[in-house]
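File shown here: protein_28.txt, holding compact mmCIF, C-alpha atoms.
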# COMPACT_ATOMS: atom_id res chain seq x y z
CA MET C 1 18.26 4.75 25.21
CA THR C 2 17.05 1.73 23.22
CA THR C 3 17.93 1.86 19.53
CA THR C 4 15.70 0.69 16.70
CA ALA C 5 18.11 -2.19 16.00
CA GLU C 6 17.90 -3.32 19.63
CA GLN C 7 14.11 -3.15 19.53
CA LEU C 8 13.92 -5.26 16.38
CA SER C 9 16.40 -7.82 17.71
CA ALA C 10 14.12 -8.34 20.69
CA THR C 11 11.00 -8.95 18.56
CA THR C 12 9.96 -12.30 17.15
CA LEU C 13 10.18 -13.29 13.50
CA LEU C 14 7.21 -14.58 11.51
CA ARG C 15 7.64 -16.23 8.14
CA PHE C 16 4.42 -16.22 6.15
CA ALA C 17 3.30 -16.86 2.60
CA THR C 18 0.46 -15.48 0.53
CA ALA C 19 -1.51 -17.39 -2.09
CA GLY C 20 -4.58 -16.70 -4.15
CA SER C 21 -6.19 -17.25 -7.51
CA VAL C 22 -5.46 -14.96 -10.42
CA ASP C 23 -7.03 -11.50 -9.99
CA ASP C 24 -8.00 -12.13 -6.37
CA GLY C 25 -5.93 -9.07 -5.44
CA LYS C 26 -3.06 -10.82 -3.70
CA SER C 27 -0.34 -8.48 -4.90
CA THR C 28 -2.56 -5.52 -4.02
CA LEU C 29 -2.98 -6.92 -0.51
CA VAL C 30 0.77 -7.28 -0.06
CA GLY C 31 1.34 -3.81 -1.47
CA ARG C 32 -1.31 -2.37 0.85
CA LEU C 33 0.24 -4.17 3.80
CA LEU C 34 3.68 -2.75 3.02
CA HIS C 35 2.34 0.73 2.24
CA ASP C 36 0.05 1.17 5.22
CA SER C 37 2.60 -0.27 7.67
CA LYS C 38 5.11 2.39 6.46
CA SER C 39 7.42 -0.30 5.05
CA VAL C 40 7.88 1.25 1.60
CA LEU C 41 10.81 3.51 0.75
CA THR C 42 9.99 6.91 -0.72
CA ASP C 43 11.75 6.22 -4.03
CA GLN C 44 9.89 2.90 -4.40
CA LEU C 45 6.55 4.62 -3.88
CA GLU C 46 7.46 7.39 -6.33
CA ALA C 47 8.38 4.81 -8.97
CA VAL C 48 5.04 3.04 -8.50
CA GLU C 49 3.16 6.34 -8.74
CA GLN C 50 4.94 7.22 -12.00
CA VAL C 51 4.18 3.83 -13.58
CA SER C 52 0.56 4.07 -12.42
CA LEU C 53 0.18 7.58 -13.92
CA SER C 54 1.67 6.42 -17.22
CA ARG C 55 -1.09 3.78 -17.33
CA GLY C 56 -3.75 6.38 -16.71
CA GLN C 57 -4.45 5.29 -13.14
CA GLU C 58 -5.29 8.06 -10.68
CA ALA C 59 -4.14 6.21 -7.54
CA PRO C 60 -0.88 4.27 -7.23
CA ASP C 61 -1.21 0.59 -8.14
CA LEU C 62 0.19 -0.99 -4.98
CA ALA C 63 0.44 -4.39 -6.69
CA LEU C 64 3.53 -3.05 -8.48
CA LEU C 65 5.39 -3.06 -5.17
CA THR C 66 5.59 -6.85 -5.32
CA ASP C 67 5.26 -7.82 -8.99
CA GLY C 68 8.90 -7.06 -9.68
CA LEU C 69 9.54 -9.07 -12.85
CA ARG C 70 8.93 -7.28 -16.13
CA ALA C 71 6.71 -10.13 -17.39
CA GLU C 72 4.68 -9.91 -14.19
CA ARG C 73 4.08 -6.20 -14.65
CA GLU C 74 3.13 -6.60 -18.31
CA GLN C 75 0.73 -9.48 -17.72
CA GLY C 76 -0.60 -8.26 -14.38
CA ILE C 77 0.14 -11.61 -12.73
CA THR C 78 2.63 -13.03 -10.25
CA ILE C 79 5.02 -15.60 -11.73
CA ASP C 80 7.85 -16.20 -9.29
CA VAL C 81 8.10 -16.16 -5.50
CA ALA C 82 8.91 -12.65 -4.29
CA TYR C 83 10.38 -12.31 -0.81
CA ARG C 84 9.78 -9.13 1.15
CA TYR C 85 11.24 -8.16 4.50
CA PHE C 86 9.52 -5.67 6.75
CA ALA C 87 9.02 -4.98 10.43
CA THR C 88 6.71 -3.27 12.87
CA ALA C 89 7.34 -2.38 16.48
CA ARG C 90 5.87 -5.74 17.54
CA ARG C 91 7.37 -8.23 15.07
CA ARG C 92 9.69 -8.81 12.11
CA PHE C 93 8.36 -10.48 8.97
CA ILE C 94 9.63 -12.46 6.00
CA LEU C 95 6.88 -12.57 3.39
CA ALA C 96 6.86 -15.02 0.49
CA ASP C 97 4.46 -13.73 -2.17
CA THR C 98 3.67 -16.85 -4.21
CA PRO C 99 1.99 -17.20 -7.62
CA GLY C 100 -1.67 -18.08 -8.04
CA HIS C 101 -1.60 -19.92 -11.37
CA VAL C 102 -1.97 -23.70 -11.23
CA GLN C 103 1.15 -24.08 -13.40
CA TYR C 104 3.16 -22.39 -10.64
CA THR C 105 2.13 -24.76 -7.84
CA ARG C 106 5.81 -25.66 -7.37
CA ASN C 107 6.56 -22.00 -6.65
CA MET C 108 3.96 -21.95 -3.89
CA VAL C 109 5.52 -25.08 -2.38
CA THR C 110 8.87 -23.30 -2.34
CA GLY C 111 7.46 -20.20 -0.67
CA ALA C 112 5.34 -22.02 1.90
CA SER C 113 7.87 -24.70 2.86
CA THR C 114 9.33 -22.59 5.67
CA ALA C 115 6.21 -20.57 6.51
CA GLU C 116 4.48 -20.64 9.88
CA LEU C 117 1.40 -18.96 8.42
CA ALA C 118 -0.31 -18.85 5.03
CA VAL C 119 -2.68 -16.13 3.85
CA VAL C 120 -5.12 -17.55 1.29
CA LEU C 121 -7.03 -14.92 -0.67
CA VAL C 122 -10.55 -15.40 -2.00
CA ASP C 123 -12.53 -13.01 -4.19
CA ALA C 124 -15.78 -12.32 -2.32
CA ARG C 125 -17.67 -12.37 -5.63
CA ASN C 126 -16.43 -15.83 -6.61
CA GLY C 127 -16.13 -17.60 -3.26
CA VAL C 128 -14.10 -20.77 -2.78
CA VAL C 129 -12.87 -21.99 -6.18
CA GLU C 130 -10.69 -24.92 -7.26
CA GLN C 131 -7.48 -22.94 -6.87
CA THR C 132 -8.50 -21.97 -3.33
CA ARG C 133 -8.79 -25.65 -2.48
CA ARG C 134 -5.41 -26.31 -4.08
CA HIS C 135 -3.77 -23.65 -1.93
CA ALA C 136 -5.40 -25.02 1.20
CA ALA C 137 -4.22 -28.51 0.29
CA VAL C 138 -0.64 -27.36 -0.28
CA ALA C 139 -0.66 -25.53 3.06
CA ALA C 140 -1.93 -28.70 4.74
CA LEU C 141 0.66 -30.88 3.00
CA LEU C 142 3.45 -28.58 4.17
CA ARG C 143 2.06 -28.63 7.73
CA VAL C 144 1.67 -24.84 7.87
CA PRO C 145 0.22 -24.41 11.39
CA HIS C 146 -1.81 -21.21 10.83
CA VAL C 147 -3.99 -20.37 7.82
CA VAL C 148 -5.69 -17.01 7.29
CA LEU C 149 -8.61 -16.81 4.88
CA ALA C 150 -8.66 -13.24 3.55
CA VAL C 151 -12.01 -12.66 1.82
CA ASN C 152 -11.05 -9.79 -0.49
CA LYS C 153 -13.04 -7.28 -2.52
CA MET C 154 -15.74 -6.96 0.12
CA ASP C 155 -16.37 -3.45 -1.27
CA LEU C 156 -17.71 -5.08 -4.46
CA VAL C 157 -20.36 -7.04 -2.53
CA ASP C 158 -21.48 -4.06 -0.44
CA TYR C 159 -19.57 -5.34 2.60
CA ALA C 160 -22.32 -7.95 3.12
CA GLU C 161 -21.80 -10.13 6.18
CA PRO C 162 -23.73 -13.16 4.79
CA VAL C 163 -21.36 -13.34 1.80
CA PHE C 164 -18.34 -13.42 4.10
CA ALA C 165 -19.94 -15.90 6.52
CA SER C 166 -20.82 -18.34 3.74
CA ILE C 167 -17.31 -18.31 2.26
CA ALA C 168 -15.67 -18.59 5.69
CA GLU C 169 -17.85 -21.57 6.63
CA GLU C 170 -17.13 -23.45 3.40
CA PHE C 171 -13.37 -22.85 3.51
CA THR C 172 -13.06 -23.64 7.21
CA ALA C 173 -14.82 -26.99 6.81
CA TYR C 174 -12.59 -27.92 3.86
CA ALA C 175 -9.31 -26.86 5.51
CA ALA C 176 -10.22 -28.62 8.75
CA SER C 177 -10.86 -31.84 6.81
CA LEU C 178 -7.25 -31.62 5.60
CA GLY C 179 -5.97 -31.35 9.17
CA VAL C 180 -5.18 -27.62 9.22
CA PRO C 181 -5.08 -26.90 12.98
CA GLU C 182 -6.06 -23.22 13.00
CA ILE C 183 -8.07 -21.13 10.54
CA THR C 184 -8.81 -17.41 10.87
CA ALA C 185 -11.17 -15.67 8.44
CA ILE C 186 -10.90 -11.90 7.86
CA PRO C 187 -13.09 -9.79 5.50
CA ILE C 188 -10.99 -7.20 3.67
CA SER C 189 -10.75 -4.81 0.75
CA ALA C 190 -7.10 -4.61 -0.25
CA LEU C 191 -7.80 -1.83 -2.76
CA ALA C 192 -9.58 0.39 -0.21
CA GLY C 193 -7.51 -0.73 2.78
CA ASP C 194 -10.39 -2.17 4.81
CA ASN C 195 -9.15 -4.45 7.63
CA VAL C 196 -5.65 -4.75 6.18
CA VAL C 197 -3.78 -2.48 8.58
CA GLU C 198 -6.61 -0.26 9.85
CA PRO C 199 -10.07 -1.52 10.94
CA SER C 200 -12.83 -1.01 8.40
CA ALA C 201 -15.52 1.60 8.96
CA HIS C 202 -17.80 -0.32 6.60
CA MET C 203 -17.93 -3.65 8.47
CA ASP C 204 -18.96 -2.92 12.03
CA TRP C 205 -20.41 -6.45 12.16
CA TYR C 206 -16.85 -7.84 12.20
CA GLY C 207 -15.19 -7.80 15.61
CA GLY C 208 -11.94 -9.57 14.80
CA PRO C 209 -8.41 -8.41 14.05
CA THR C 210 -7.06 -6.74 10.93
CA VAL C 211 -4.62 -8.74 8.82
CA LEU C 212 -1.60 -6.95 10.29
CA GLU C 213 -2.91 -7.24 13.84
CA HIS C 214 -3.30 -10.98 13.41
CA LEU C 215 0.17 -11.28 11.88
CA GLU C 216 1.62 -9.37 14.82
CA THR C 217 -0.10 -11.44 17.50
CA VAL C 218 -0.39 -14.99 16.16
CA PRO C 219 1.77 -17.37 18.23
CA VAL C 220 5.01 -18.16 16.43
CA SER C 221 5.19 -21.92 16.66
CA HIS C 222 8.64 -22.50 15.17
CA ASP C 223 10.28 -23.05 18.56
CA LEU C 224 12.79 -25.64 17.42
CA THR C 225 13.98 -26.24 20.97
CA ALA C 226 10.76 -28.11 21.73
CA CYS C 227 11.33 -30.58 18.88
CA HIS C 228 13.26 -33.84 18.82
CA ALA C 229 16.96 -32.94 19.15
CA ARG C 230 18.81 -33.46 15.88
CA PHE C 231 22.35 -32.48 14.86
CA PRO C 232 23.42 -33.18 11.25
CA VAL C 233 27.21 -33.27 11.06
CA GLN C 234 28.49 -30.82 8.48
CA TYR C 235 32.25 -30.93 9.04
CA VAL C 236 34.79 -32.85 11.14
CA ILE C 237 37.33 -30.56 12.81
CA ARG C 238 40.69 -32.23 13.46
CA PRO C 239 43.46 -29.56 13.66
CA GLN C 240 46.30 -31.94 14.73
CA THR C 241 48.43 -28.98 15.80
CA ALA C 242 50.83 -28.63 18.71
CA GLU C 243 48.22 -26.57 20.55
CA HIS C 244 45.38 -29.02 19.86
CA PRO C 245 47.01 -32.41 19.19
CA ASP C 246 43.98 -34.55 20.09
CA TYR C 247 41.09 -32.21 19.34
CA ARG C 248 38.26 -33.83 17.42
CA GLY C 249 35.02 -31.91 16.98
CA TYR C 250 31.92 -32.30 14.87
CA ALA C 251 30.61 -29.02 13.48
CA GLY C 252 27.18 -28.17 12.16
CA GLN C 253 23.91 -26.39 12.82
CA ILE C 254 21.51 -27.87 15.34
CA ALA C 255 18.40 -28.66 13.29
CA ALA C 256 16.10 -28.99 16.29
CA GLY C 257 16.05 -29.45 20.04
CA VAL C 258 18.66 -28.95 22.77
CA PHE C 259 22.00 -30.65 23.49
CA ARG C 260 23.82 -30.66 26.83
CA ILE C 261 27.22 -31.74 28.11
CA GLY C 262 27.01 -35.19 29.69
CA GLU C 263 24.07 -36.25 27.54
CA ALA C 264 24.10 -39.74 26.03
CA VAL C 265 23.77 -39.56 22.24
CA SER C 266 23.65 -41.95 19.31
CA VAL C 267 25.40 -41.45 16.00
CA LEU C 268 23.30 -42.50 13.04
CA PRO C 269 23.12 -44.46 10.83
CA SER C 270 25.77 -46.57 12.62
CA GLY C 271 23.86 -46.56 15.92
CA ARG C 272 27.00 -46.18 18.06
CA THR C 273 26.35 -44.54 21.45
CA THR C 274 28.59 -42.10 23.29
CA THR C 275 28.44 -39.01 25.51
CA ILE C 276 28.83 -35.30 24.81
CA THR C 277 31.94 -34.08 26.64
CA GLY C 278 32.09 -30.55 25.24
CA ILE C 279 30.18 -27.97 23.21
CA ASP C 280 32.02 -25.11 21.49
CA ALA C 281 30.05 -22.09 20.29
CA LEU C 282 31.62 -18.91 18.88
CA GLY C 283 35.04 -19.94 20.16
CA GLU C 284 33.87 -20.55 23.72
CA SER C 285 32.94 -23.67 25.65
CA VAL C 286 29.28 -23.82 26.75
CA ASP C 287 27.22 -26.30 28.75
CA ILE C 288 24.12 -26.22 26.57
CA ALA C 289 23.21 -25.38 22.95
CA TRP C 290 19.94 -25.26 21.08
CA ALA C 291 18.50 -24.86 17.58
CA PRO C 292 19.31 -23.11 15.34
CA GLN C 293 22.80 -22.45 16.78
CA SER C 294 25.90 -23.49 14.86
CA VAL C 295 28.21 -25.35 17.24
CA THR C 296 30.91 -27.99 17.51
CA LEU C 297 30.21 -31.09 19.59
CA ARG C 298 32.99 -33.07 21.27
CA LEU C 299 32.29 -36.71 22.15
CA ALA C 300 33.75 -39.11 24.69
CA ASP C 301 34.62 -41.89 22.22
CA ASP C 302 36.52 -41.91 18.94
CA ILE C 303 33.75 -43.02 16.61
CA ASP C 304 33.92 -43.05 12.83
CA ILE C 305 31.79 -39.97 12.10
CA SER C 306 31.69 -38.01 8.85
CA ARG C 307 29.63 -35.39 7.07
CA GLY C 308 26.03 -36.52 6.74
CA ASP C 309 25.87 -38.49 9.98
CA LEU C 310 23.17 -37.48 12.45
CA ILE C 311 23.68 -37.09 16.20
CA ALA C 312 20.55 -37.50 18.36
CA PRO C 313 19.75 -38.25 22.01
CA ALA C 314 20.21 -41.97 22.68
CA ALA C 315 16.69 -42.12 24.12
CA ASP C 316 15.07 -40.36 21.16
CA VAL C 317 16.49 -41.51 17.84
CA PRO C 318 14.71 -41.35 14.48
CA PRO C 319 14.15 -44.59 12.57
CA VAL C 320 16.91 -45.67 10.19
CA THR C 321 15.70 -46.96 6.84
CA ARG C 322 16.60 -47.47 3.21
CA ASP C 323 12.98 -47.46 2.05
CA VAL C 324 11.56 -43.94 2.04
CA GLU C 325 7.81 -43.47 1.60
CA ALA C 326 6.91 -39.84 1.06
CA THR C 327 4.82 -37.22 -0.64
CA VAL C 328 6.74 -35.18 -3.20
CA CYS C 329 6.05 -32.06 -5.21
CA HIS C 330 7.75 -32.37 -8.57
CA VAL C 331 9.44 -29.07 -9.44
CA ALA C 332 11.51 -29.91 -12.52
CA ASP C 333 10.39 -29.66 -16.13
CA GLN C 334 11.68 -33.18 -16.80
CA PRO C 335 9.43 -35.92 -15.38
CA LEU C 336 10.16 -38.24 -12.47
CA SER C 337 9.64 -41.87 -13.50
CA VAL C 338 9.55 -45.29 -11.85
CA GLY C 339 13.00 -46.88 -12.06
CA GLN C 340 14.78 -43.53 -12.34
CA ARG C 341 18.14 -43.20 -10.56
CA VAL C 342 18.42 -40.09 -8.42
CA LEU C 343 20.35 -38.55 -5.56
CA LEU C 344 18.51 -38.02 -2.29
CA LYS C 345 19.71 -35.08 -0.20
CA HIS C 346 18.62 -35.14 3.46
CA THR C 347 20.11 -32.46 5.75
CA THR C 348 23.88 -32.74 5.11
CA ARG C 349 23.75 -36.27 3.71
CA THR C 350 23.44 -37.11 0.00
CA VAL C 351 23.00 -40.73 -1.09
CA LYS C 352 22.28 -42.58 -4.31
CA ALA C 353 18.73 -43.83 -4.71
CA ILE C 354 16.24 -45.27 -7.15
CA VAL C 355 12.54 -44.50 -7.53
CA LYS C 356 10.96 -47.90 -6.84
CA ASP C 357 7.31 -46.89 -7.17
CA ILE C 358 4.95 -43.96 -7.69
CA PRO C 359 1.76 -45.36 -6.11
CA SER C 360 -0.43 -42.35 -6.81
CA ARG C 361 -0.72 -38.77 -7.99
CA LEU C 362 -2.82 -36.35 -5.98
CA THR C 363 -5.56 -34.40 -7.73
CA LEU C 364 -5.70 -31.19 -5.72
CA ASP C 365 -9.08 -30.19 -7.12
CA ASP C 366 -10.92 -32.86 -5.13
CA LEU C 367 -8.05 -34.61 -3.26
CA SER C 368 -8.65 -37.83 -5.18
CA GLN C 369 -5.75 -40.20 -5.84
CA HIS C 370 -4.86 -41.16 -9.40
CA PRO C 371 -3.34 -44.65 -8.98
CA ALA C 372 -0.07 -45.76 -10.58
CA PRO C 373 0.57 -42.73 -12.82
CA GLY C 374 4.01 -44.08 -13.78
CA GLN C 375 5.58 -40.64 -13.62
CA LEU C 376 5.18 -37.17 -12.17
CA VAL C 377 5.51 -34.02 -14.27
CA ALA C 378 6.10 -30.41 -13.27
CA ASN C 379 3.76 -29.21 -10.48
CA ASP C 380 2.46 -32.72 -9.78
CA ILE C 381 2.15 -33.87 -6.18
CA GLY C 382 2.27 -37.60 -5.58
CA ARG C 383 3.31 -40.47 -3.37
CA VAL C 384 6.67 -42.12 -4.05
CA VAL C 385 8.70 -45.01 -2.68
CA VAL C 386 12.44 -44.48 -2.92
CA ARG C 387 15.13 -47.08 -2.17
CA THR C 388 18.43 -45.59 -1.02
CA ALA C 389 21.87 -47.14 -1.42
CA GLU C 390 22.74 -46.26 2.19
CA PRO C 391 20.55 -46.07 5.31
CA LEU C 392 19.06 -42.72 6.34
CA ALA C 393 18.00 -41.47 9.78
CA LEU C 394 14.73 -39.86 8.72
CA ASP C 395 11.96 -38.32 10.82
CA THR C 396 8.44 -38.03 9.49
CA TYR C 397 7.61 -34.58 8.15
CA ALA C 398 4.76 -34.31 10.65
CA ASP C 399 7.29 -34.62 13.50
CA SER C 400 9.95 -32.36 12.02
CA ARG C 401 9.71 -30.17 8.94
CA ARG C 402 13.51 -29.83 8.98
CA THR C 403 14.62 -33.46 9.31
CA GLY C 404 11.56 -34.97 7.65
CA SER C 405 12.13 -33.22 4.33
CA PHE C 406 14.48 -34.05 1.49
CA LEU C 407 15.28 -33.31 -2.14
CA LEU C 408 15.51 -35.64 -5.12
CA ILE C 409 18.30 -34.52 -7.45
CA ASP C 410 19.29 -35.45 -11.00
CA PRO C 411 22.75 -37.07 -10.67
CA ALA C 412 23.67 -36.00 -14.20
CA ASP C 413 23.45 -32.22 -13.82
CA GLY C 414 22.48 -31.51 -10.21
CA THR C 415 18.98 -30.27 -11.07
CA THR C 416 16.47 -30.43 -8.24
CA LEU C 417 13.71 -32.79 -9.34
CA SER C 418 11.32 -33.06 -6.40
CA ALA C 419 10.84 -31.76 -2.86
CA GLY C 420 9.85 -34.57 -0.52
CA MET C 421 8.01 -34.88 2.79
CA ALA C 422 8.47 -38.24 4.55
CA GLY C 423 5.49 -40.02 6.05
CA THR C 424 1.76 -39.58 5.50
CA ALA C 425 0.42 -36.84 3.27
CA PHE C 426 -2.16 -35.04 5.40
CA ALA C 427 -2.67 -34.73 9.12
CA ALA C 428 -5.80 -36.25 10.61
CA ALA C 429 -8.90 -34.13 10.27
CA THR C 430 -9.40 -31.87 13.27
CA GLU C 431 -12.07 -29.70 14.74
CA PRO C 432 -11.12 -26.25 13.39
CA VAL C 433 -9.90 -23.64 15.83
CA VAL C 434 -11.90 -20.57 14.86
CA ALA C 435 -12.13 -17.36 16.86
CA ASP C 436 -15.53 -16.43 18.29
CA ASP C 437 -16.57 -12.87 17.53
CA ASP C 438 -18.54 -12.71 20.78
CA ALA C 439 -15.61 -13.77 22.94
CA GLU C 440 -12.10 -12.48 23.35
CA TRP C 441 -9.96 -13.28 20.32
CA ASP C 442 -7.40 -15.91 21.30
CA PHE C 443 -4.37 -15.76 19.12

What is this structure when it is put down as structure tokens?
Amino acid sequence: MTTTAEQLSATTLLRFATAGSVDDGKSTLVGRLLHDSKSVLTDQLEAVEQVSLSRGQEAPDLALLTDGLRAEREQGITIDVAYRYFATARRRFILADTPGHVQYTRNMVTGASTAELAVVLVDARNGVVEQTRRHAAVAALLRVPHVVLAVNKMDLVDYAEPVFASIAEEFTAYAASLGVPEITAIPISALAGDNVVEPSAHMDWYGGPTVLEHLETVPVSHDLTACHARFPVQYVIRPQTAEHPDYRGYAGQIAAGVFRIGEAVSVLPSGRTTTITGIDALGESVDIAWAPQSVTLRLADDIDISRGDLIAPAADVPPVTRDVEATVCHVADQPLSVGQRVLLKHTTRTVKAIVKDIPSRLTLDDLSQHPAPGQLVANDIGRVVVRTAEPLALDTYADSRRTGSFLLIDPADGTTLSAGMAGTAFAAATEPVVADDDAEWDF
């Protein structure tokens, strides 16, 4: 007999983030999603019901299931990223509920940085607003492959199809211009539960999936084995014991791709080439390993390799550079200035660096570039040029979200200053992939 644990281990995992303007009902949507999918514990629901009654509310305020901080409950807003874990019979989920305020843009970047899907909420009464465009821009910057436009509060516009169609058309055109590859629009009422988990009885004109149905069936595109193979060295294992006098292994987690015994590889940044002679995983020798496994590689030649070096197939190596051009989101309260000395952390490698230039700051309202701002302050997104003291093997973020990202760190106290994405800011504009209500929905 198959156990629940075995069933869940066989299902796929989807990481997704939610974003929306203040009072768009984002926390209510998440609460409804958890409640209607039977992912709320009895004591949690009882606590929410008690708080709701004390406020004079007849029905439980499902937003309280996610707004966990006291300040969030008192102000009725979301401040920090709240992570929720839940599962259905078809898929497991890690949900990052991100804030909607413009001053918490950095929190959305944190929550969406590992997401394969972003749910952007819009109030049907207000349509696409500046903050909606900001959230779409952040999702595009972070190369989130799937974006869901959830047009909420349809009950307050009499479930009118023209209202939904107009908002969906405007948002889809904007997101597609940013290079978002797939956009799905869903009309919902989070408060009433329409099209969240169960199909709505009030919108028979809509033939698409509910929010949960789409989350359960959207293709999970984080197959790291299809990416460029990359292995950041975390630790050099050299026991020098009587049992293993000559053992030398390089341990770490495969960031992307597949490695095989007999494969020719290069060690970067030195560029030395050798061959994989052995792969150890969980105490056993294997012929092949893939991301995100943690393994130890054994190589044919004794090369000077240390923590921070990158092993990649000899025929597919990333460029090695000391001049990093990237888009960064500044997350620290202290500004980032031209000429500032920082540490740059890329995978397992940390090097000294200096900010040579800040060519522009991005205005998310209209995607205009403010030239030569001189510095970036908290929540700013801008282009930077960083010169490192040592060469880095760096992919572009468009090619690899894992090995194309980095952090800028204050060398004085270890504070994270900025999160960086190497390469160009946005993908090229694409024709949006939008499901056709008259055809079969292709997820």

Let me make sure I understand: among C:Val128, C:Val218, C:Val148, C:Ala168, which one has the smallest atom-to-atom distance to Leu14 of chain C if we use all atoms listed in the file? C:Val218

Compare C:Leu141, C:Val30, C:Ile254, C:Val151 by their minimum atom-to-atom distance to Ser405 of chain C, counting all atoms listed in the file, and give me the closest one. C:Leu141

Atomic distance atom CA of Thr396 of chain C - atom CA of Leu95 of chain C, expressed in Å with one decimal: 26.2 Å

Quick one, how far is atom CA of Leu268 of chain C from atom CA of Leu394 of chain C?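 One can read the atom CA of Leu268 of chain C to atom CA of Leu394 of chain C distance as 10.0 Å.
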
Using all atoms listed in the file - which residues lie no farther than 6 Å from the point (27.6, -26.2, 9.0) in the file's frame? Write them as a list in words.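 Checking each residue against the 6 Å limit leaves Gln234, Gly252 and Gln253 of chain C.
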
Using only C-alpha atoms, which protein or nucleic acid residues come within 8 Å of segment 110-116 of chain C? Drop anything in the same chain fewer than 2 positions from it, and give the result as a ChimeraX atom specification. /C:14-17,81,96-98,106-108,118,139,142,144-146,220-222

Given the selection you just returned, output its residues as a file containing C-alpha atoms, formatted as a PDB file, keeping the file's coordinate frame.
ATOM      1  CA  LEU C  14       7.210 -14.580  11.510  1.00  0.00           C
ATOM      2  CA  ARG C  15       7.640 -16.230   8.140  1.00  0.00           C
ATOM      3  CA  PHE C  16       4.420 -16.220   6.150  1.00  0.00           C
ATOM      4  CA  ALA C  17       3.300 -16.860   2.600  1.00  0.00           C
ATOM      5  CA  VAL C  81       8.100 -16.160  -5.500  1.00  0.00           C
ATOM      6  CA  ALA C  96       6.860 -15.020   0.490  1.00  0.00           C
ATOM      7  CA  ASP C  97       4.460 -13.730  -2.170  1.00  0.00           C
ATOM      8  CA  THR C  98       3.670 -16.850  -4.210  1.00  0.00           C
ATOM      9  CA  ARG C 106       5.810 -25.660  -7.370  1.00  0.00           C
ATOM     10  CA  ASN C 107       6.560 -22.000  -6.650  1.00  0.00           C
ATOM     11  CA  MET C 108       3.960 -21.950  -3.890  1.00  0.00           C
ATOM     12  CA  ALA C 118      -0.310 -18.850   5.030  1.00  0.00           C
ATOM     13  CA  ALA C 139      -0.660 -25.530   3.060  1.00  0.00           C
ATOM     14  CA  LEU C 142       3.450 -28.580   4.170  1.00  0.00           C
ATOM     15  CA  VAL C 144       1.670 -24.840   7.870  1.00  0.00           C
ATOM     16  CA  PRO C 145       0.220 -24.410  11.390  1.00  0.00           C
ATOM     17  CA  HIS C 146      -1.810 -21.210  10.830  1.00  0.00           C
ATOM     18  CA  VAL C 220       5.010 -18.160  16.430  1.00  0.00           C
ATOM     19  CA  SER C 221       5.190 -21.920  16.660  1.00  0.00           C
ATOM     20  CA  HIS C 222       8.640 -22.500  15.170  1.00  0.00           C
TER      21      HIS C 222
END

Have a look at C:Ala136, C:Val180, C:Leu282, C:Val129 and name the one nearest to Ala427 of chain C; count only C-alpha atoms.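 Under the stated criterion, the closest residue is C:Val180.
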
Between atom CA of Thr18 of chain C and atom CA of Arg84 of chain C, what is the distance, to one decimal in Å?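 Separating atom CA of Thr18 of chain C from atom CA of Arg84 of chain C is a distance of 11.3 Å.
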
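Proximity to Pro411 of chain C was assessed for C:Thr273, C:Gln369, C:Ser200, C:Thr350 counting all atoms listed in the file; the smallest distance is recorded for C:Thr350.
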
Restricting the calculation to only C-alpha atoms: of C:Ser418, C:Asn195, C:Thr12, C:Ala312, which residue gets closest to Asp333 of chain C?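 Once distances to Asp333 of chain C are computed over only C-alpha atoms, the minimum belongs to C:Ser418.
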
Choose the residue, out of C:Thr217, C:Ser166, C:Thr88, C:Thr327, that has the smallest atom-to-atom separation from Ser360 of chain C; count only C-alpha atoms. C:Thr327

With a distance cut-off of 7 Å and all atoms listed in the file, select the neighbouring residues of Ile276 of chain C, excluding the residue or stretch itself and same-chain residues fewer than 3 positions from it, and output the selection as an MDAnalysis selection string. chainID C and resid 261:264 297:300

File dump, residues just selected, C-alpha atoms, as a tab-separated table (two decimals), in the frame of the given file:
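Output (selection33.tsv):
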chain	number	residue	atom	x	y	z
C	261	ILE	CA	27.22	-31.74	28.11
C	262	GLY	CA	27.01	-35.19	29.69
C	263	GLU	CA	24.07	-36.25	27.54
C	264	ALA	CA	24.10	-39.74	26.03
C	297	LEU	CA	30.21	-31.09	19.59
C	298	ARG	CA	32.99	-33.07	21.27
C	299	LEU	CA	32.29	-36.71	22.15
C	300	ALA	CA	33.75	-39.11	24.69

Starting from the point (17.5, -35.3, -6.0), work out which residues of protein, DNA or RNA have an atom no more than 8 Å away when counting all atoms listed in the file; state them as a tab-separated table (two decimals) with C-alpha atoms, in the coordinates of the input.
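So result_23.tsv came out as:
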chain	number	residue	atom	x	y	z
C	342	VAL	CA	18.42	-40.09	-8.42
C	343	LEU	CA	20.35	-38.55	-5.56
C	344	LEU	CA	18.51	-38.02	-2.29
C	345	LYS	CA	19.71	-35.08	-0.20
C	407	LEU	CA	15.28	-33.31	-2.14
C	408	LEU	CA	15.51	-35.64	-5.12
C	409	ILE	CA	18.30	-34.52	-7.45
C	410	ASP	CA	19.29	-35.45	-11.00
C	411	PRO	CA	22.75	-37.07	-10.67
C	414	GLY	CA	22.48	-31.51	-10.21
C	415	THR	CA	18.98	-30.27	-11.07
C	416	THR	CA	16.47	-30.43	-8.24
C	417	LEU	CA	13.71	-32.79	-9.34
C	418	SER	CA	11.32	-33.06	-6.40

Would you list the contacts of Val267 of chain C as an MDAnalysis selection string, taking every protein, DNA or RNA residue within 12 Å and counting all atoms listed in the file, but skipping same-chain residues closer than 4 positions in sequence? chainID C and resid 230:233 250 271:276 297 299 301:318 320 392:393
